[in-house]
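Let me begin by presenting the structure, written as structure tokens, before commenting on it.
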Amino acid sequence: MASRTLTPLRAVSRQLHTSTTSQNWAQLPARTLVSASRAKAYPQASASSTPPPKTSISQVKPPPSSSTKPASASAPAPTGTRTPVPAVSGTPLPDAPHSNLPGENGSDGGSPIDWTQSYHGLGTNAFTPETSAILQARLDPDDIEVKPDGIIYLPEIKYRRILNTAFGPGAWGLAPRGQLTVHEKLVTREYALVVHGRFVAQARGEQQYFSEEGVSTAAEGAKSNALMRCCKDLGIASELWDPRFIRKFMKEHAMQVWVEHVTTKKKKQIWLRKDDEVRYPFKRT
């Protein structure tokens with residue numbers, strides 16, 4: 001059995017092994033924590049320095065400047081006020097330039113006029129005798145139409161032709177005086193007839209419609225109806241409202257006939273010109 005007593009050589013060997021192991025463990029953390037970058041140096045505060053006092057945001061005041069005005073000073077009042085002009089359908093129409101026609105006055109400087117409310121130029125001057133003769137000329141019987149219920153009328157396109165002949169294309173126009181009013185089966189709108197920058201007449205046009213898809217077409221019909229009514233103030237086709245002329249015209253140029261509806265087979269009497277024929281959906285019986 002080997003002796004457990006340490007020989008001098010074994011004791012020296014164990015002592016060397018223990019010192020080497022402890023030395024390696026002592027150097028391990030130093031190797032692990034070594035960084036390749038150099039540490040940044042920060043200034044060290046001296047022991048006698050004291051931290052600056054804390055300042056709240058409410059205590060910070062902007063430095064005074066020469067552009068800052070005192071609170072008591074008020075802004076200067078505007079030299080003039082401009083009242084905006086309400087417009088129903090876009091920008092108000094500008095006043096027309098001076099008319100080249102003799103005896104007719106134009107505008108007074110071309111300033112905008114709100115034709116939705118203005119009566120500028122109403123009754124200021126008469127049209128020339130040449131223009132008046134065109135407006136008040138007697139109608140040609142061939143231009144007059146007859147409705148099935150016996151009402152005579154002039155197609156709206158012929159009103160426009162008379163205005164173009166009297167004043168020239170572009171020298172007259174219809175200015176809306178309000179919004180389009182849509183009822184259950186009827187649309188209406190008010191218009192003003194403006195000639196050479198002068199208010200001439202005003203009327204409300206109306207037109208029936210039967211479905212929502214026909215509202216836009218009815219709005220155009222209401223405009224034409226307003227034009228026809230405005231033209232009465234200029235004497236255009238005035239005989240159409242003369243009872244004696246109506247009776248004479250109906251006797252000479254119109255007749256009543258019996259017709260039958262093609263679909264419903266209902267019979268009734270209608271009026272038409274003597275030189276016209278019965279049209280669909282009716283047929284003569």
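Chain lettering (A, B, ...) mirrors the order of the structure tokens, residue numbering begins at 1 for each chain separately, and ligand numbering begins at 1 in order of display.
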Subject >> Close residues, stretch 154-162 of chain A itself excluded, 12 Å, only C-alpha atoms, min 5 positions apart in chain, as an MDAnalysis selection string >> reply: chainID A and resid 131:147 167:174 193 220:232 234:241
Take the residues from that selection and put them in a file with C-alpha atoms, as a PDB file, in the first residue's frame.
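So out.pdb came out as:
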ATOM      1  CA  THR A 131     -84.136  97.871 -83.991  1.00  0.00           C
ATOM      2  CA  SER A 132     -87.693  98.542 -82.828  1.00  0.00           C
ATOM      3  CA  ALA A 133     -89.032  97.779 -86.310  1.00  0.00           C
ATOM      4  CA  ILE A 134     -87.371  94.369 -86.269  1.00  0.00           C
ATOM      5  CA  LEU A 135     -88.676  93.569 -82.778  1.00  0.00           C
ATOM      6  CA  GLN A 136     -92.281  94.619 -83.496  1.00  0.00           C
ATOM      7  CA  ALA A 137     -92.577  93.221 -87.010  1.00  0.00           C
ATOM      8  CA  ARG A 138     -95.720  91.250 -87.813  1.00  0.00           C
ATOM      9  CA  LEU A 139     -95.313  87.487 -87.773  1.00  0.00           C
ATOM     10  CA  ASP A 140     -95.431  85.365 -90.881  1.00  0.00           C
ATOM     11  CA  PRO A 141     -98.421  82.985 -90.555  1.00  0.00           C
ATOM     12  CA  ASP A 142     -96.178  80.140 -91.751  1.00  0.00           C
ATOM     13  CA  ASP A 143     -94.042  80.535 -88.604  1.00  0.00           C
ATOM     14  CA  ILE A 144     -96.956  80.042 -86.186  1.00  0.00           C
ATOM     15  CA  GLU A 145     -97.666  76.550 -84.866  1.00  0.00           C
ATOM     16  CA  VAL A 146    -100.872  75.088 -83.409  1.00  0.00           C
ATOM     17  CA  LYS A 147    -101.001  72.700 -80.446  1.00  0.00           C
ATOM     18  CA  PHE A 167     -79.056  93.110 -81.688  1.00  0.00           C
ATOM     19  CA  GLY A 168     -76.538  90.663 -83.119  1.00  0.00           C
ATOM     20  CA  PRO A 169     -75.312  87.347 -81.677  1.00  0.00           C
ATOM     21  CA  GLY A 170     -73.544  87.928 -78.356  1.00  0.00           C
ATOM     22  CA  ALA A 171     -75.191  91.282 -77.641  1.00  0.00           C
ATOM     23  CA  TRP A 172     -77.973  89.767 -75.550  1.00  0.00           C
ATOM     24  CA  GLY A 173     -78.288  86.978 -72.991  1.00  0.00           C
ATOM     25  CA  LEU A 174     -80.371  85.373 -70.277  1.00  0.00           C
ATOM     26  CA  LEU A 193     -83.016  89.361 -70.387  1.00  0.00           C
ATOM     27  CA  GLU A 220     -83.540  73.820 -70.640  1.00  0.00           C
ATOM     28  CA  GLY A 221     -87.231  74.003 -71.532  1.00  0.00           C
ATOM     29  CA  ALA A 222     -87.830  76.342 -68.592  1.00  0.00           C
ATOM     30  CA  LYS A 223     -85.105  78.648 -69.924  1.00  0.00           C
ATOM     31  CA  SER A 224     -86.751  78.764 -73.354  1.00  0.00           C
ATOM     32  CA  ASN A 225     -90.113  79.438 -71.747  1.00  0.00           C
ATOM     33  CA  ALA A 226     -88.630  82.353 -69.791  1.00  0.00           C
ATOM     34  CA  LEU A 227     -87.119  83.755 -73.004  1.00  0.00           C
ATOM     35  CA  MET A 228     -90.516  83.690 -74.715  1.00  0.00           C
ATOM     36  CA  ARG A 229     -92.103  85.570 -71.802  1.00  0.00           C
ATOM     37  CA  CYS A 230     -89.298  88.137 -71.655  1.00  0.00           C
ATOM     38  CA  CYS A 231     -89.708  88.856 -75.358  1.00  0.00           C
ATOM     39  CA  LYS A 232     -93.258  90.041 -74.750  1.00  0.00           C
ATOM     40  CA  LEU A 234     -89.944  93.918 -76.377  1.00  0.00           C
ATOM     41  CA  GLY A 235     -93.082  93.502 -78.499  1.00  0.00           C
ATOM     42  CA  ILE A 236     -91.906  90.266 -80.152  1.00  0.00           C
ATOM     43  CA  ALA A 237     -94.849  88.118 -81.367  1.00  0.00           C
ATOM     44  CA  SER A 238     -97.262  90.265 -79.378  1.00  0.00           C
ATOM     45  CA  GLU A 239    -100.184  89.254 -81.645  1.00  0.00           C
ATOM     46  CA  LEU A 240    -100.098  85.753 -80.170  1.00  0.00           C
ATOM     47  CA  TRP A 241    -101.764  87.249 -77.061  1.00  0.00           C
TER      48      TRP A 241
END
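The spacing separating atom CA of A:Lys251 from atom CA of A:Tyr280 amounts to 24.6 Å.
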Subject >> A:Phe199, A:His253, A:Asp149, A:Glu213 ranked by distance to A:Asn125, top pick (using only C-alpha atoms) >> reply: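 Closest candidate: A:Phe199.
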Subject >> Point-to-point distance in Å for atom CA of A:Tyr153 and atom CA of A:Gln256 >> reply: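 Straight-line distance from atom CA of A:Gln256 to atom CA of A:Tyr153 works out to 16.9 Å.
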**OP:** Enter the distance from atom CA of A:Val182 to atom CA of A:Ala203, in Å, rounded to one decimal.
**Re:** 16.9 Å
**OP:** Would you please give, as a PyMOL selection string, all residues of stretch 83-246 of chain A that DSSP assigns to alpha helix (DSSP H) based on the backbone?
**Re:** chain A and resi 129-135+156-167+215-231+243-246
Could you write out the selected residues, including C-alpha atoms, as an mmCIF file, in the first residue's frame?
data_model
loop_
_atom_site.group_PDB
_atom_site.id
_atom_site.type_symbol
_atom_site.label_atom_id
_atom_site.label_comp_id
_atom_site.auth_asym_id
_atom_site.auth_seq_id
_atom_site.Cartn_x
_atom_site.Cartn_y
_atom_site.Cartn_z
ATOM 1 C CA PRO A 129 -86.162 102.891 -84.797
ATOM 2 C CA GLU A 130 -84.472 100.247 -86.942
ATOM 3 C CA THR A 131 -84.136 97.871 -83.991
ATOM 4 C CA SER A 132 -87.693 98.542 -82.828
ATOM 5 C CA ALA A 133 -89.032 97.779 -86.310
ATOM 6 C CA ILE A 134 -87.371 94.369 -86.269
ATOM 7 C CA LEU A 135 -88.676 93.569 -82.778
ATOM 8 C CA GLU A 156 -88.448 79.361 -79.216
ATOM 9 C CA ILE A 157 -85.725 79.163 -81.868
ATOM 10 C CA LYS A 158 -87.524 81.872 -83.839
ATOM 11 C CA TYR A 159 -87.435 84.200 -80.809
ATOM 12 C CA ARG A 160 -83.663 83.768 -80.787
ATOM 13 C CA ARG A 161 -83.460 84.525 -84.500
ATOM 14 C CA ILE A 162 -85.371 87.779 -84.017
ATOM 15 C CA LEU A 163 -83.063 88.832 -81.157
ATOM 16 C CA ASN A 164 -79.970 87.979 -83.215
ATOM 17 C CA THR A 165 -81.312 90.004 -86.138
ATOM 18 C CA ALA A 166 -82.126 93.002 -83.951
ATOM 19 C CA PHE A 167 -79.056 93.110 -81.688
ATOM 20 C CA VAL A 215 -84.945 67.110 -65.107
ATOM 21 C CA SER A 216 -82.001 68.512 -67.097
ATOM 22 C CA THR A 217 -84.059 68.610 -70.311
ATOM 23 C CA ALA A 218 -86.904 70.256 -68.424
ATOM 24 C CA ALA A 219 -84.481 72.885 -67.067
ATOM 25 C CA GLU A 220 -83.540 73.820 -70.640
ATOM 26 C CA GLY A 221 -87.231 74.003 -71.532
ATOM 27 C CA ALA A 222 -87.830 76.342 -68.592
ATOM 28 C CA LYS A 223 -85.105 78.648 -69.924
ATOM 29 C CA SER A 224 -86.751 78.764 -73.354
ATOM 30 C CA ASN A 225 -90.113 79.438 -71.747
ATOM 31 C CA ALA A 226 -88.630 82.353 -69.791
ATOM 32 C CA LEU A 227 -87.119 83.755 -73.004
ATOM 33 C CA MET A 228 -90.516 83.690 -74.715
ATOM 34 C CA ARG A 229 -92.103 85.570 -71.802
ATOM 35 C CA CYS A 230 -89.298 88.137 -71.655
ATOM 36 C CA CYS A 231 -89.708 88.856 -75.358
ATOM 37 C CA PRO A 243 -107.705 87.560 -78.939
ATOM 38 C CA ARG A 244 -108.862 89.022 -82.274
ATOM 39 C CA PHE A 245 -105.727 87.871 -84.049
ATOM 40 C CA ILE A 246 -106.082 84.398 -82.512
#
**OP:** Choose the residue, out of A:Ile152, A:Val187, A:Ala175, A:Ile270, that has the smallest atom-to-atom separation from A:Phe249; count only C-alpha atoms.
**Re:**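 The shortest atom-to-atom distance to A:Phe249 comes from A:Ile152.
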**OP:** May I ask which of the residues A:Thr264, A:Thr124, A:Gln207, A:Gln117 is the closest one to A:Leu180, counting only C-alpha atoms?
**Re:** A:Gln207
